[in-house]
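K.L.:
Okay, so here is target-v9.tsv, and as you'll see once you scroll down, it has TSV, C-alpha atoms and all ligand atoms.
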chain	number	residue	atom	x	y	z
A	1	MET	CA	55.30	48.88	116.22
A	2	LYS	CA	56.73	48.74	119.74
A	3	PRO	CA	58.22	52.10	120.84
A	4	PHE	CA	62.01	52.23	120.88
A	5	ARG	CA	64.77	54.69	121.67
A	6	TYR	CA	67.13	55.92	118.96
A	7	GLU	CA	70.75	56.97	119.53
A	8	ARG	CA	73.36	58.06	117.03
A	9	ALA	CA	76.74	56.53	117.89
A	10	ALA	CA	79.61	58.99	118.32
A	11	ASP	CA	82.37	56.38	118.25
A	12	ALA	CA	82.68	52.64	117.69
A	13	ALA	CA	83.74	51.74	121.23
A	14	GLY	CA	80.79	53.67	122.65
A	15	ALA	CA	78.37	51.97	120.26
A	16	VAL	CA	79.68	48.55	121.30
A	17	ALA	CA	79.49	49.38	125.01
A	18	THR	CA	75.92	50.66	124.69
A	19	VAL	CA	74.56	47.70	122.74
A	20	ALA	CA	76.49	45.14	124.81
A	21	ALA	CA	74.98	46.59	128.00
A	22	HIS	CA	71.39	46.41	126.68
A	23	PRO	CA	70.01	42.95	125.84
A	24	GLY	CA	67.23	44.62	123.83
A	25	ALA	CA	69.48	46.91	121.80
A	26	ALA	CA	70.55	46.57	118.15
A	27	PHE	CA	72.87	48.37	115.76
A	28	LEU	CA	71.16	50.23	112.95
A	29	GLY	CA	72.75	50.43	109.49
A	30	ALA	CA	70.67	51.84	106.66
A	31	GLY	CA	67.63	50.07	108.11
A	32	THR	CA	66.50	48.53	104.81
A	33	ASN	CA	66.15	45.14	106.48
A	34	LEU	CA	65.86	45.95	110.17
A	35	VAL	CA	63.15	48.61	109.83
A	36	ASP	CA	61.06	46.24	107.70
A	37	HIS	CA	61.32	43.72	110.51
A	38	LEU	CA	60.21	46.28	113.08
A	39	LYS	CA	57.14	47.02	110.99
A	40	LEU	CA	56.34	43.34	110.47
A	41	GLY	CA	56.74	42.56	114.18
A	42	ILE	CA	59.56	40.09	113.53
A	43	THR	CA	61.83	41.84	116.00
A	44	ALA	CA	61.26	44.47	118.66
A	45	PRO	CA	64.46	46.08	119.98
A	46	ASP	CA	63.92	48.79	122.58
A	47	LEU	CA	67.06	50.72	121.58
A	48	LEU	CA	68.55	51.31	118.13
A	49	VAL	CA	72.14	52.56	117.95
A	50	ASP	CA	72.69	54.13	114.54
A	51	VAL	CA	76.25	53.40	113.38
A	52	THR	CA	76.07	54.96	109.91
A	53	ARG	CA	77.90	58.17	110.95
A	54	LEU	CA	80.91	56.24	112.26
A	55	PRO	CA	84.02	56.66	110.06
A	56	MET	CA	83.78	53.22	108.47
A	57	ASP	CA	82.87	54.36	104.95
A	58	GLN	CA	86.12	53.99	103.02
A	59	VAL	CA	87.57	51.35	100.70
A	60	GLU	CA	91.30	51.25	101.44
A	61	GLU	CA	94.28	49.44	99.92
A	62	LEU	CA	95.93	46.86	102.19
A	63	ASP	CA	99.63	46.15	102.18
A	64	GLY	CA	100.17	43.22	99.83
A	65	GLY	CA	97.33	44.03	97.47
A	66	GLY	CA	94.09	43.36	99.31
A	67	LEU	CA	91.24	45.76	100.08
A	68	ARG	CA	89.68	46.84	103.36
A	69	ILE	CA	86.00	47.72	102.97
A	70	GLY	CA	84.52	49.78	105.80
A	71	ALA	CA	81.27	48.42	107.22
A	72	ASN	CA	79.42	51.59	106.21
A	73	VAL	CA	80.43	51.50	102.54
A	74	ARG	CA	77.18	51.54	100.58
A	75	ASN	CA	76.49	48.60	98.26
A	76	ALA	CA	76.27	50.87	95.18
A	77	ASP	CA	79.58	52.56	95.98
A	78	LEU	CA	81.31	49.22	96.53
A	79	ALA	CA	79.98	47.82	93.24
A	80	ALA	CA	81.23	50.90	91.38
A	81	HIS	CA	84.63	51.12	93.06
A	82	PRO	CA	87.36	50.88	90.37
A	83	ALA	CA	89.50	48.45	92.38
A	84	VAL	CA	86.52	46.15	92.96
A	85	ARG	CA	85.44	46.29	89.32
A	86	SER	CA	88.89	45.48	87.98
A	87	ARG	CA	90.33	43.15	90.65
A	88	TYR	CA	87.20	41.46	92.05
A	89	PRO	CA	84.55	41.71	89.30
A	90	VAL	CA	82.59	38.84	90.87
A	91	LEU	CA	81.87	41.09	93.85
A	92	SER	CA	80.77	44.02	91.74
A	93	GLN	CA	78.45	41.76	89.73
A	94	ALA	CA	76.99	40.16	92.87
A	95	LEU	CA	76.23	43.55	94.40
A	96	LEU	CA	74.61	44.82	91.20
A	97	SER	CA	72.41	41.72	91.03
A	98	GLY	CA	70.91	42.50	94.45
A	99	ALA	CA	67.86	44.57	95.36
A	100	SER	CA	67.25	47.81	93.40
A	101	GLY	CA	69.32	50.91	92.67
A	102	GLN	CA	67.60	52.84	95.45
A	103	LEU	CA	68.24	50.09	98.00
A	104	ARG	CA	71.86	49.64	96.93
A	105	ASN	CA	72.41	53.39	97.40
A	106	LEU	CA	71.50	52.96	101.05
A	107	ALA	CA	72.40	49.42	102.10
A	108	THR	CA	75.69	49.05	103.96
A	109	THR	CA	78.33	46.33	103.81
A	110	GLY	CA	77.82	45.41	107.49
A	111	GLY	CA	74.04	45.37	107.23
A	112	ASN	CA	74.11	43.32	104.04
A	113	LEU	CA	76.12	40.57	105.75
A	114	LEU	CA	73.62	40.50	108.60
A	115	GLN	CA	70.39	40.73	106.62
A	116	ARG	CA	68.06	37.93	107.63
A	117	THR	CA	66.43	35.17	105.63
A	118	ARG	CA	63.59	35.89	103.21
A	119	CYS	CA	61.81	32.65	104.19
A	120	ALA	CA	58.10	33.54	103.94
A	121	TYR	CA	57.36	31.79	107.24
A	122	PHE	CA	60.09	33.72	109.06
A	123	GLN	CA	58.53	36.92	107.72
A	124	ASP	CA	55.04	35.94	108.89
A	125	PRO	CA	54.75	36.36	112.68
A	126	SER	CA	51.60	34.18	112.70
A	127	ALA	CA	53.59	31.12	111.47
A	128	PRO	CA	55.75	28.90	113.70
A	129	CYS	CA	59.43	29.58	113.02
A	130	ASN	CA	62.41	28.39	115.05
A	131	LYS	CA	64.53	31.17	113.63
A	132	ARG	CA	62.19	33.96	114.74
A	133	ASP	CA	60.75	32.26	117.84
A	134	PRO	CA	63.08	29.45	119.05
A	135	GLY	CA	61.25	26.22	119.84
A	136	SER	CA	58.03	27.15	118.03
A	137	GLY	CA	58.57	24.77	115.10
A	138	CYS	CA	59.15	25.18	111.37
A	139	ALA	CA	56.18	25.89	109.13
A	140	ALA	CA	58.35	25.58	106.03
A	141	LEU	CA	59.01	21.88	106.57
A	142	LYS	CA	55.48	21.03	105.49
A	143	GLY	CA	54.92	24.21	103.55
A	144	TRP	CA	55.93	25.85	100.27
A	145	THR	CA	59.62	25.18	99.80
A	146	ARG	CA	60.50	26.45	96.33
A	147	TYR	CA	63.05	28.89	97.75
A	148	HIS	CA	64.45	26.73	100.53
A	149	ALA	CA	67.69	24.89	101.25
A	150	ILE	CA	69.00	21.73	99.58
A	151	LEU	CA	72.28	21.56	101.50
A	152	GLY	CA	73.19	21.94	105.18
A	153	ALA	CA	69.62	22.30	106.49
A	154	SER	CA	68.30	20.68	109.67
A	155	SER	CA	64.95	19.49	110.96
A	156	HIS	CA	64.76	22.83	112.80
A	157	CYS	CA	65.22	25.14	109.81
A	158	VAL	CA	65.38	24.94	106.02
A	159	ALA	CA	65.72	28.67	105.28
A	160	VAL	CA	68.40	30.06	102.99
A	161	HIS	CA	70.73	33.01	103.40
A	162	PRO	CA	69.73	35.86	101.06
A	163	SER	CA	72.85	37.99	100.49
A	164	ASP	CA	74.41	38.02	97.01
A	165	MET	CA	77.38	40.07	98.21
A	166	ALA	CA	78.26	37.49	100.85
A	167	VAL	CA	78.39	34.67	98.27
A	168	ALA	CA	81.00	36.55	96.24
A	169	MET	CA	82.92	37.47	99.38
A	170	SER	CA	82.93	33.82	100.44
A	171	ALA	CA	84.51	32.80	97.13
A	172	LEU	CA	87.11	35.57	97.53
A	173	GLY	CA	88.19	34.41	101.01
A	174	ALA	CA	87.01	37.57	102.76
A	175	VAL	CA	87.60	38.19	106.47
A	176	VAL	CA	85.08	40.02	108.66
A	177	VAL	CA	86.64	42.43	111.16
A	178	THR	CA	84.64	43.14	114.30
A	179	LEU	CA	84.87	45.15	117.50
A	180	GLY	CA	83.21	43.60	120.51
A	181	PRO	CA	83.23	44.04	124.29
A	182	ASP	CA	86.37	41.86	124.36
A	183	GLY	CA	88.18	43.73	121.57
A	184	GLU	CA	88.79	43.12	117.88
A	185	ARG	CA	88.19	39.82	116.09
A	186	ARG	CA	88.93	38.68	112.56
A	187	ILE	CA	86.51	36.02	111.33
A	188	PRO	CA	86.85	34.28	107.94
A	189	LEU	CA	83.58	34.81	106.10
A	190	THR	CA	83.24	31.05	105.60
A	191	GLU	CA	83.02	30.73	109.40
A	192	PHE	CA	80.93	33.86	110.00
A	193	HIS	CA	77.46	32.54	109.09
A	194	ARG	CA	76.18	29.37	110.79
A	195	LEU	CA	74.34	26.32	109.56
A	196	PRO	CA	71.05	26.01	111.44
A	197	GLY	CA	71.58	22.86	113.52
A	198	ASP	CA	69.29	23.11	116.53
A	199	ALA	CA	69.81	26.87	116.97
A	200	PRO	CA	68.68	28.52	113.72
A	201	HIS	CA	67.90	31.78	115.53
A	202	ARG	CA	71.66	32.41	115.58
A	203	ASP	CA	72.55	33.39	112.01
A	204	THR	CA	76.22	34.12	112.72
A	205	VAL	CA	78.96	33.62	115.28
A	206	LEU	CA	78.71	37.26	116.42
A	207	GLN	CA	78.12	37.98	120.09
A	208	HIS	CA	75.50	40.50	121.18
A	209	GLY	CA	77.09	43.94	120.95
A	210	GLU	CA	79.78	42.94	118.44
A	211	LEU	CA	80.06	45.55	115.71
A	212	ILE	CA	81.23	44.80	112.18
A	213	THR	CA	83.82	47.46	111.37
A	214	ALA	CA	85.16	46.20	108.02
A	215	VAL	CA	85.51	43.34	105.58
A	216	GLU	CA	88.94	42.57	104.19
A	217	LEU	CA	89.54	40.98	100.80
A	218	PRO	CA	92.89	39.25	100.46
A	219	ALA	CA	95.05	39.88	97.42
A	220	LEU	CA	93.86	37.38	94.83
A	221	PRO	CA	95.30	38.39	91.45
A	222	TYR	CA	93.43	35.67	89.57
A	223	ALA	CA	90.11	37.04	90.84
A	224	ALA	CA	90.29	39.40	87.86
A	225	ARG	CA	88.99	36.27	86.11
A	226	SER	CA	85.78	35.89	88.09
A	227	ARG	CA	82.05	35.98	87.61
A	228	TYR	CA	78.73	35.92	89.48
A	229	ARG	CA	75.56	34.52	88.01
A	230	LYS	CA	72.21	34.70	89.74
A	231	VAL	CA	69.22	32.64	88.60
A	232	ARG	CA	65.89	34.04	89.74
A	233	ASP	CA	62.20	34.10	88.97
A	234	ARG	CA	62.31	37.65	87.56
A	235	ALA	CA	65.11	39.29	85.58
A	236	SER	CA	65.69	41.82	88.37
A	237	TYR	CA	64.60	42.77	91.85
A	238	ALA	CA	64.29	39.19	93.06
A	239	PHE	CA	66.26	36.99	95.43
A	240	ALA	CA	68.29	34.08	94.04
A	241	LEU	CA	66.84	30.68	93.37
A	242	VAL	CA	70.48	29.70	93.02
A	243	SER	CA	73.61	31.72	92.43
A	244	VAL	CA	77.21	30.87	91.61
A	245	ALA	CA	80.39	32.88	92.22
A	246	VAL	CA	83.63	31.69	90.61
A	247	ALA	CA	87.20	32.99	90.52
A	248	LEU	CA	89.46	30.91	88.31
A	249	ASP	CA	93.23	30.57	88.15
A	250	LEU	CA	94.36	28.83	84.96
A	251	GLU	CA	97.72	27.36	83.97
A	252	ASP	CA	99.59	28.95	81.07
A	253	ASP	CA	97.76	26.65	78.66
A	254	GLY	CA	94.63	28.68	79.37
A	255	ARG	CA	92.49	25.64	80.19
A	256	THR	CA	93.94	23.68	83.13
A	257	VAL	CA	92.66	24.75	86.53
A	258	ARG	CA	95.42	25.77	88.94
A	259	GLU	CA	92.94	26.99	91.57
A	260	ALA	CA	89.21	27.62	91.61
A	261	ARG	CA	87.27	29.55	94.23
A	262	ILE	CA	83.58	28.71	94.05
A	263	ALA	CA	80.66	29.69	96.29
A	264	LEU	CA	76.94	29.06	95.91
A	265	GLY	CA	73.92	31.06	97.00
A	266	GLY	CA	70.23	30.31	97.43
A	267	ILE	CA	70.81	26.71	98.45
A	268	ALA	CA	71.86	26.78	102.10
A	269	HIS	CA	71.53	28.63	105.40
A	270	LYS	CA	74.84	30.36	104.68
A	271	PRO	CA	76.88	31.28	101.62
A	272	TRP	CA	78.04	27.84	100.55
A	273	ARG	CA	81.73	27.55	99.77
A	274	ALA	CA	81.95	24.74	97.21
A	275	GLU	CA	85.16	23.12	98.41
A	276	ARG	CA	84.38	19.72	96.92
A	277	ALA	CA	83.94	21.24	93.48
A	278	GLU	CA	87.12	23.27	93.89
A	279	GLU	CA	89.06	20.14	94.84
A	280	ALA	CA	87.57	18.14	91.98
A	281	LEU	CA	88.67	20.75	89.42
A	282	ARG	CA	92.18	21.41	90.70
A	283	GLY	CA	94.82	20.25	88.19
A	284	LEU	CA	92.32	19.26	85.51
A	285	PRO	CA	91.31	20.91	82.23
A	286	ALA	CA	88.05	22.80	82.73
A	287	THR	CA	86.17	20.68	80.23
A	288	GLU	CA	82.40	20.32	80.29
A	289	GLU	CA	82.85	16.77	81.64
A	290	ASN	CA	85.24	17.78	84.46
A	291	CYS	CA	83.11	20.76	85.45
A	292	ARG	CA	80.01	18.57	85.59
A	293	ALA	CA	81.80	15.99	87.75
A	294	ALA	CA	82.85	18.81	90.09
A	295	ALA	CA	79.28	20.13	90.29
A	296	GLU	CA	77.94	16.65	90.99
A	297	ALA	CA	80.53	16.12	93.73
A	298	GLU	CA	79.39	19.34	95.38
A	299	THR	CA	75.71	18.41	95.35
A	300	ALA	CA	76.15	14.73	96.21
A	301	ASP	CA	74.63	15.31	99.67
A	302	ALA	CA	71.79	17.53	98.45
A	303	HIS	CA	68.50	16.89	100.20
A	304	PRO	CA	65.74	18.62	98.24
A	305	LEU	CA	62.37	19.39	99.79
A	306	ARG	CA	58.93	18.95	98.21
A	307	ASP	CA	59.09	21.93	95.86
A	308	ASN	CA	62.77	22.49	95.15
A	309	ALA	CA	64.31	19.37	93.58
A	310	PHE	CA	64.85	21.57	90.50
A	311	LYS	CA	67.61	23.39	92.40
A	312	VAL	CA	69.96	20.41	92.15
A	313	PRO	CA	70.30	20.39	88.34
A	314	LEU	CA	69.93	24.17	88.27
A	315	VAL	CA	72.91	24.79	90.52
A	316	GLN	CA	74.94	22.09	88.75
A	317	ASN	CA	74.23	23.57	85.31
A	318	THR	CA	74.92	27.10	86.48
A	319	LEU	CA	78.21	26.10	88.07
A	320	VAL	CA	79.32	24.33	84.88
A	321	ALA	CA	78.30	27.29	82.73
A	322	VAL	CA	80.06	29.91	84.87
A	323	VAL	CA	83.34	28.00	85.12
A	324	ARG	CA	83.28	27.28	81.39
A	325	GLU	CA	82.59	30.91	80.54
A	326	LEU	CA	85.79	31.89	82.32
A	327	VAL	CA	87.90	29.56	80.17
A	328	PRO	CA	89.10	31.34	77.02
A	329	GLU	CA	88.95	28.22	74.85
A	330	THR	CA	85.23	27.65	75.47
A	331	PRO	CA	83.31	28.34	72.24
A	332	GLY	CA	81.32	31.53	72.72
A	333	ALA	CA	82.79	32.18	76.16
A	334	ALA	CA	83.43	35.78	77.06
A	335	GLY	CA	86.45	34.69	79.10
A	336	LEU	CA	88.33	37.26	81.14
A	337	GLU	CA	87.24	40.29	79.17
A	338	GLY	CA	83.57	39.51	79.59
A	339	SER	CA	83.90	38.95	83.30
A	340	ARG	CA	84.67	42.57	83.97
B	1	LIG	C1	62.77	44.80	98.38
B	1	LIG	C2	64.14	44.32	98.74
B	1	LIG	C3	64.84	43.53	97.84
B	1	LIG	C4	66.13	43.08	98.16
B	1	LIG	N1	66.79	42.27	97.28
B	1	LIG	C5	68.04	41.81	97.62
B	1	LIG	C6	68.76	40.92	96.77
B	1	LIG	O1	68.30	40.57	95.69
B	1	LIG	N2	69.98	40.50	97.17
B	1	LIG	C7	70.54	40.89	98.36
B	1	LIG	O2	71.65	40.47	98.67
B	1	LIG	N3	69.87	41.69	99.20
B	1	LIG	C8	68.66	42.16	98.86
B	1	LIG	N4	67.97	42.97	99.70
B	1	LIG	C9	68.49	43.17	101.05
B	1	LIG	C10	69.34	44.39	101.21
B	1	LIG	O3	70.54	44.18	100.53
B	1	LIG	C11	69.56	44.52	102.71
B	1	LIG	O4	68.36	44.99	103.27
B	1	LIG	C12	70.68	45.46	103.07
B	1	LIG	O5	71.89	45.04	102.50
B	1	LIG	C13	70.84	45.57	104.57
B	1	LIG	O6	71.74	46.60	104.85
B	1	LIG	P1	71.35	47.77	105.84
B	1	LIG	O7	72.54	48.64	105.96
B	1	LIG	O8	70.06	48.43	105.42
B	1	LIG	O9	71.12	46.93	107.18
B	1	LIG	P2	70.10	47.17	108.37
B	1	LIG	O10	68.71	46.86	107.93
B	1	LIG	O11	70.33	48.48	109.02
B	1	LIG	O12	70.63	46.05	109.38
B	1	LIG	C14	70.54	44.67	109.08
B	1	LIG	C15	71.10	43.92	110.29
B	1	LIG	O13	72.48	44.21	110.42
B	1	LIG	C16	72.77	44.74	111.71
B	1	LIG	N5	73.87	45.69	111.47
B	1	LIG	C17	73.89	46.71	110.59
B	1	LIG	N6	75.11	47.25	110.54
B	1	LIG	C18	75.89	46.56	111.43
B	1	LIG	C19	77.26	46.63	111.83
B	1	LIG	N7	78.13	47.50	111.29
B	1	LIG	N8	77.70	45.75	112.76
B	1	LIG	C20	76.86	44.85	113.31
B	1	LIG	N9	75.57	44.75	112.97
B	1	LIG	C21	75.09	45.59	112.03
B	1	LIG	C22	71.47	45.32	112.21
B	1	LIG	O14	71.39	45.33	113.61
B	1	LIG	C23	70.47	44.34	111.60
B	1	LIG	O15	70.37	43.20	112.42
B	1	LIG	C24	66.71	43.45	99.40
B	1	LIG	C25	66.00	44.28	100.28
B	1	LIG	C26	64.73	44.71	99.97
B	1	LIG	C27	64.01	45.59	100.94
Kindly transcribe the structure held in the file into structure tokens.
P.N.:
Amino acid sequence: MKPFRYERAADAAGAVATVAAHPGAAFLGAGTNLVDHLKLGITAPDLLVDVTRLPMDQVEELDGGGLRIGANVRNADLAAHPAVRSRYPVLSQALLSGASGQLRNLATTGGNLLQRTRCAYFQDPSAPCNKRDPGSGCAALKGWTRYHAILGASSHCVAVHPSDMAVAMSALGAVVVTLGPDGERRIPLTEFHRLPGDAPHRDTVLQHGELITAVELPALPYAARSRYRKVRDRASYAFALVSVAVALDLEDDGRTVREARIALGGIAHKPWRAERAEEALRGLPATEENCRAAAEAETADAHPLRDNAFKVPLVQNTLVAVVRELVPETPGAAGLEGSR
């Protein structure tokens, strides 16, 4: 491992100024992703600025009913928070589906959003990878692609974004709050992560030295009816093959969709907000047929690779199942009660 300096930040503005002034510097959260990358030789910062002692570790009520989640709130604490469990169960479920108990006890909200892809070729410094080493090529294109993207990929990168938490936050309309050299910014989560295009090394729209200070969840009363389902190769401790987050607002008849918020994981370079499916469901009864049409609309542009055509029906079926489970009239559905 290349030697590096370590500093513990005393205040947010100082941390931003230090990292912004050093091209080779990086913020350090819990280190559960970044330190692995140092060991693997995927990245080699010469200065780490530890931000975990900064006072960004609270979940606070916002005027109007939303929540402000400090960037240092640990994944386990966020999943267990009473307001998250009751008002945004999809987020609690997504967090609990990720990693292991030990990792969730450490991992921070800010670090989770910025964790990097689990593409095996990205993690192997001997393989060409445009994300790790811009311009070197993409070994995945002709390689093993079971875990790779079916939507939004490019000829430069077919990796997927790994965070479960971010998929739920995307469905909930979260906003990322940052502090950078030019001051504070508020970035909708749907615009925070990038599709690869010809610059897959840039995962997000953050500038160097821009610190995540918080994530805000808007008030979304119907998110009490929400659910996250993750399909994976093992029952636990595995990244998603596909995942689906849904929050559903139903008319008084208990079956017609007033609004649906849907996001998908494991299929694209970023948490994939399923706006086509949302639009297709709006105003219609959430029948099996209508849900399937919505899922098919969302995946109409899917472009599977050699080993992952199975993801198209898998994500469609999972989307249909999750929406249907949130509708009280569905036989056997747990409905609202079961989503908590
Ligand atoms: C074995 C294993 C299994 C896992 N399984 C899952 C899974 O199933 N689902 C899932 O979602 N995740 C999973 N994870 C990933 C885990 O959730 C992440 O490693 C963790 O969330 C990263 O948070 P951290 O605080 O440790 O970030 P760090 O490793 O400290 O940092 C990650 C990145 O974020 C940057 N950063 C950190 N904090 C800030 C900030 N406030 N502002 C700006 N930049 C910042 C760092 O510079 C770095 O680039 C797994 C990890 C491991 C090791």
K.L.:
For ligand LIG 1 (chain B), list the contacting residues at 6 Å or closer, counting only C-alpha atoms and all ligand atoms, as a ChimeraX atom specification.
P.N.:
/A:26-34,71,98-99,107-108,110-112,114-115,162-165,211-213,237-239
K.L.:
Can you pull out every residue within 8 Å of Ala297 in chain A, counting only C-alpha atoms, but drop anything in the same chain fewer than 2 positions away, and send it as a list in words?
P.N.:
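Once the adjacent positions are removed, what remains is Arg276, Ala277, Ala280, Ala293, Ala294, Ala295, Thr299 and Ala300 of chain A.
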K.L.:
For the residues selected in the previous step, produce a file with C-alpha atoms as a compact mmCIF listing (two decimals), in the coordinates of the input.
P.N.:
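As written to disk, out_37.txt reads:
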# COMPACT_ATOMS: atom_id res chain seq x y z
CA ARG A 276 84.38 19.72 96.92
CA ALA A 277 83.94 21.24 93.48
CA ALA A 280 87.57 18.14 91.98
CA ALA A 293 81.80 15.99 87.75
CA ALA A 294 82.85 18.81 90.09
CA ALA A 295 79.28 20.13 90.29
CA THR A 299 75.71 18.41 95.35
CA ALA A 300 76.15 14.73 96.21
K.L.:
Taking all atoms listed in the file into account, which of A:Ile187, A:Val242, A:Ala268, A:Ala120 comes nearest Val315 in chain A?
P.N.:
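The closest residue to Val315 in chain A is A:Val242.
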K.L.:
Can you work out which one of A:Arg186, A:Leu326, A:Ala166, A:Ala199 has the shortest atom-to-atom distance to Gly135 in chain A, counting only C-alpha atoms?
P.N.:
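Answer, going by the shortest atom-to-atom distance: A:Ala199.
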K.L.:
I'd like the interatomic distance between CA of His37 in chain A and CA of Asn72 in chain A, to a tenth of an Å.
P.N.:
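So the answer is 20.2 Å.
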K.L.:
Return as JSON the box centre and box size in Å, one decimal, for an axis-aligned box around all listed atoms of range 69-88 of chain A padded by 6 Å per side.
P.N.:
{"center_x": 83.3, "center_y": 47.0, "center_z": 97.6, "size_x": 26.1, "size_y": 23.1, "size_z": 31.2}
K.L.:
I'd like the interatomic distance between CA of Arg232 in chain A and CA of Cys157 in chain A, to a tenth of an Å.
P.N.:
22.0 Å
K.L.:
Using all atoms listed in the file, which protein or nucleic acid residues come within 7 Å of His201 in chain A? Drop anything in the same chain fewer than 4 positions from it, and give the result as a list in words.
P.N.:
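Listing them by chain and then by number gives Asn130, Lys131, Arg132 and Pro134 of chain A.
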K.L.:
For the selection you just gave me, I'd like the residues written to a file as a JSON list (two decimals), in the frame of the given file, keeping C-alpha atoms.
P.N.:
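And here's again_1.json as it stands now:
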[["chain", "number", "residue", "atom", "x", "y", "z"],
["A", 130, "ASN", "CA", 62.41, 28.39, 115.05],
["A", 131, "LYS", "CA", 64.53, 31.17, 113.63],
["A", 132, "ARG", "CA", 62.19, 33.96, 114.74],
["A", 134, "PRO", "CA", 63.08, 29.45, 119.05]]
K.L.:
Quick one: pull the distance between CA of His193 in chain A and CA of Ser170 in chain A, Å, one decimal.
P.N.:
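These atoms are spaced 10.3 Å apart.
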K.L.:
Please determine, counting all atoms listed in the file, which residue among A:Ala21, A:Leu248, A:Val231, A:Cys119 has the shortest atom-to-atom distance to Leu264 in chain A.
P.N.:
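Of A:Ala21, A:Leu248, A:Val231, A:Cys119, the one nearest Leu264 in chain A, counting all atoms listed in the file, is A:Val231.
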K.L.:
Within 10 Å of (72.2, 61.2, 117.6), in the coordinates the file gives, what residues turn up when you count only C-alpha atoms, written out as a tab-separated table (two decimals) with C-alpha atoms, keeping the file's coordinate frame?
P.N.:
chain	number	residue	atom	x	y	z
A	6	TYR	CA	67.13	55.92	118.96
A	7	GLU	CA	70.75	56.97	119.53
A	8	ARG	CA	73.36	58.06	117.03
A	9	ALA	CA	76.74	56.53	117.89
A	10	ALA	CA	79.61	58.99	118.32
A	49	VAL	CA	72.14	52.56	117.95
A	50	ASP	CA	72.69	54.13	114.54
A	51	VAL	CA	76.25	53.40	113.38
A	53	ARG	CA	77.90	58.17	110.95
K.L.:
Using all atoms listed in the file, can you tell me which of A:Asp36, A:Ala127, A:Ser236, A:Asp46 comes closest to Ser100 in chain A?
P.N.:
A:Ser236
K.L.:
Of the candidates A:Met1, A:Ala263, A:Ile150, A:Val323, which shows the shortest atom-to-atom distance to Arg292 in chain A, using only C-alpha atoms?
P.N.:
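Once distances to Arg292 in chain A are computed over only C-alpha atoms, the minimum belongs to A:Val323.
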K.L.:
Counting all atoms listed in the file, which of A:Glu60, A:Glu329, A:Asp307, A:Asp203 gets nearest to Thr145 in chain A?
P.N.:
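Result for the nearest residue to Thr145 in chain A: A:Asp307.
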K.L.:
Counting only C-alpha atoms, what is within 9 Å of Arg258 in chain A, bar same-chain residues fewer than 3 positions away, as a PDB file with C-alpha atoms, keeping the file's coordinate frame?
P.N.:
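Once everything was written out, this is selection_24.pdb:
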ATOM      1  CA  LEU A 248      89.460  30.910  88.310  1.00  0.00           C
ATOM      2  CA  ASP A 249      93.230  30.570  88.150  1.00  0.00           C
ATOM      3  CA  LEU A 250      94.360  28.830  84.960  1.00  0.00           C
ATOM      4  CA  GLU A 251      97.720  27.360  83.970  1.00  0.00           C
ATOM      5  CA  LEU A 281      88.670  20.750  89.420  1.00  0.00           C
ATOM      6  CA  ARG A 282      92.180  21.410  90.700  1.00  0.00           C
ATOM      7  CA  GLY A 283      94.820  20.250  88.190  1.00  0.00           C
ATOM      8  CA  LEU A 284      92.320  19.260  85.510  1.00  0.00           C
TER       9      LEU A 284
END
K.L.:
List the spatial neighbours of range 74-91 of chain A as a ChimeraX atom specification - criterion: any atom at most 6 Å away, all atoms listed in the file, same-chain residues fewer than 2 positions off excluded.
P.N.:
/A:93-95,104-108,168,223-224,226-228,340
